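Below is one structure, written out as structure tokens; comments come after it.
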Amino acid sequence: MRRLACILGAALACGIGGMTAAGLFYTPYGYNEMDLSRRFLPPGPPHLMGTDSFGRDVFSRVMIGGRYTLAVAAAAVLSSAAIGITLGMICGYTGGLLDEGVLRLMDGLSSFPGILLALSLFSLMGNSPFTLCTALCALFVPSYVRITRNGMLRYKRADFTSAARAMGASGLRVMFIHILPNLGPTLFSAVALGFSNAILAESAMSYLGFGVQPPFPSWGRMLAESQNVLFNAPWCALAPGTVIALTVIAFHSLDSASPRFTGAQAQRR
């Protein structure tokens with residue numbers, strides 16, 4: 001079942017990613033092309049997902065909106081993972097005051113309400129996709145720090161790391177060559193789960209009016225724009241909402257199917 005979930009999740013993620021990538025080169029209609037004579041057309045040819053209140057093709061907007069939603073989520077996850085993994089490895093390996101200070105900082109970030117932290121950054125840095133990425137990065141860093149630090153504490157006194165140090169390996173080599181590969185499966189799971197959480201967070205912030213601004217679409221902003229016509233033209237909300245749900249399910253499937261490391265794996269290194 002785990003293998004099947006992984007295959008289905010990967011296929012679904014590739015399908016959504018392929019649709020978004022295709023939007024870089026081709027869309028059936030311009031994402032901001034208006035035709036008031038075609039307002040609220042239901043799904044069907046020639047508009048696969050119907051049209052919205054301005055006569056814009058919903059499918060084209062979903063394709064373009066995925067570009068911004070996935071780009072912001074990917075930037076937030078990759079940057080937070082890079083910072084969190086580096087801090088977690090250094091803190092877990094060195095310990096002492098540095099470890100204690102970083103942990104207290106991470107506790108402070110975790111205790112801060114996410115929406116309040118995001119709004120504070122928006123008030124300081126202005127409303128932009130970069131600010132949204134920064135806010136999401138700050139929210140996700142503590143989890144990567146803790147995961148990596150725990151793994152480092154688990155393996156830094158293992159036999160294979162002691163042998164590496166006895167052979168003259170530097171601290172950086174021990175951390176990045178000998179210990180980090182053993183954290184790979186857990187970190188993969190954390191990144192997959194973080195990506196789905198980032199998509200939900202980006203969609204929520206876009207729904208509230210932050211991040212990507214009109215006329216550029218994003219899945220969350222499309223939901224916000226369609227809430228007033230939910231009963232008259234439900235496809236305007238169902239299209240981006242369904243894509244968000246499928247993307248989250250895809251990455252959750254990858255997370256649940258990802259391998260977990262064991263002590264035997266570490267010993268084989």
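Each chain in the structure tokens gets a letter, A, B and so on, in the order shown; residues start at 1 in every chain, and ligands are counted from 1 in the order they appear.
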
- Based on DSSP run over this structure's backbone, return all residues of range 101-236 of chain A in alpha helix (DSSP H), as an MDAnalysis selection string. chainID A and resid 101:111 114:125 129:155 159:166 171:173 184:207 219:226 235:236

Proximity of range 38-113 of chain A to range 172-196 of chain A: per-residue shortest pair, 12 Å limit, only C-alpha atoms, as a Markdown table:
| residue | atom | partner | partner_atom | distance |
| --- | --- | --- | --- | --- |
| A:Thr69 | CA | A:Phe195 | CA | 10.9 |
| A:Leu70 | CA | A:Phe195 | CA | 8.8 |
| A:Ala71 | CA | A:Phe195 | CA | 10.7 |
| A:Val72 | CA | A:Phe195 | CA | 10.1 |
| A:Ala73 | CA | A:Phe195 | CA | 6.3 |
| A:Ala74 | CA | A:Phe195 | CA | 6.8 |
| A:Ala75 | CA | A:Phe195 | CA | 9.7 |
| A:Ala76 | CA | A:Phe195 | CA | 8.5 |
| A:Val77 | CA | A:Phe195 | CA | 6.1 |
| A:Leu78 | CA | A:Val191 | CA | 8.1 |
| A:Ser79 | CA | A:Val191 | CA | 10.9 |
| A:Ser80 | CA | A:Gly194 | CA | 9.5 |
| A:Ala81 | CA | A:Val191 | CA | 7.3 |
| A:Ala82 | CA | A:Val191 | CA | 10.6 |
| A:Gly84 | CA | A:Leu187 | CA | 10.7 |
| A:Ile85 | CA | A:Leu187 | CA | 8.7 |
| A:Thr86 | CA | A:Phe176 | CA | 9.5 |
| A:Leu87 | CA | A:Met175 | CA | 11.6 |
| A:Gly88 | CA | A:Met175 | CA | 10.5 |
| A:Met89 | CA | A:Met175 | CA | 6.8 |
| A:Ile90 | CA | A:Met175 | CA | 8.1 |
| A:Cys91 | CA | A:Met175 | CA | 11.0 |
| A:Gly92 | CA | A:Met175 | CA | 9.7 |
| A:Tyr93 | CA | A:Met175 | CA | 7.6 |
| A:Thr94 | CA | A:Met175 | CA | 10.5 |

- Message: Which residues are close to Leu41 in chain A, i.e. within 7 Å by only C-alpha atoms, leaving aside same-chain residues fewer than 3 positions away? Reply as an NGL selection string.
- Response: :A and (38 or 50-51)

Go ahead and dump the residues you just picked, C-alpha atoms, as an mmCIF file, in the first residue's frame.
data_model
loop_
_atom_site.group_PDB
_atom_site.id
_atom_site.type_symbol
_atom_site.label_atom_id
_atom_site.label_comp_id
_atom_site.auth_asym_id
_atom_site.auth_seq_id
_atom_site.Cartn_x
_atom_site.Cartn_y
_atom_site.Cartn_z
ATOM 1 C CA ARG A 38 -18.843 34.783 -22.048
ATOM 2 C CA GLY A 50 -15.730 27.380 -17.363
ATOM 3 C CA THR A 51 -15.319 31.158 -17.171
#

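Between CA of Tyr155 in chain A and CA of Asp99 in chain A the interatomic distance comes to 16.3 Å.
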
- Message: DSSP on the backbone, strand (DSSP E or B) only: what residues of range 38-265 of chain A does that give? Format it as JSON, numbers by chain.
- Response: {"A": [44, 47, 51, 57]}

Same residues, C-alpha atoms, saved as a PDB file, in the first residue's frame:
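Output (selection_28.pdb):
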ATOM      1  CA  GLY A  44     -17.228  22.317 -21.243  1.00  0.00           C
ATOM      2  CA  HIS A  47     -13.654  26.327 -21.685  1.00  0.00           C
ATOM      3  CA  THR A  51     -15.319  31.158 -17.171  1.00  0.00           C
ATOM      4  CA  ASP A  57     -10.942  31.184 -18.868  1.00  0.00           C
TER       5      ASP A  57
END

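Atom pair CA of Ala250 in chain A / CA of Thr20 in chain A: separated by 14.9 Å.
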
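Using only C-alpha atoms for every distance, the candidate list A:Ala164, A:Leu119, A:Leu97, A:Ile83 yields A:Ile83 as the residue closest to Thr148 in chain A.
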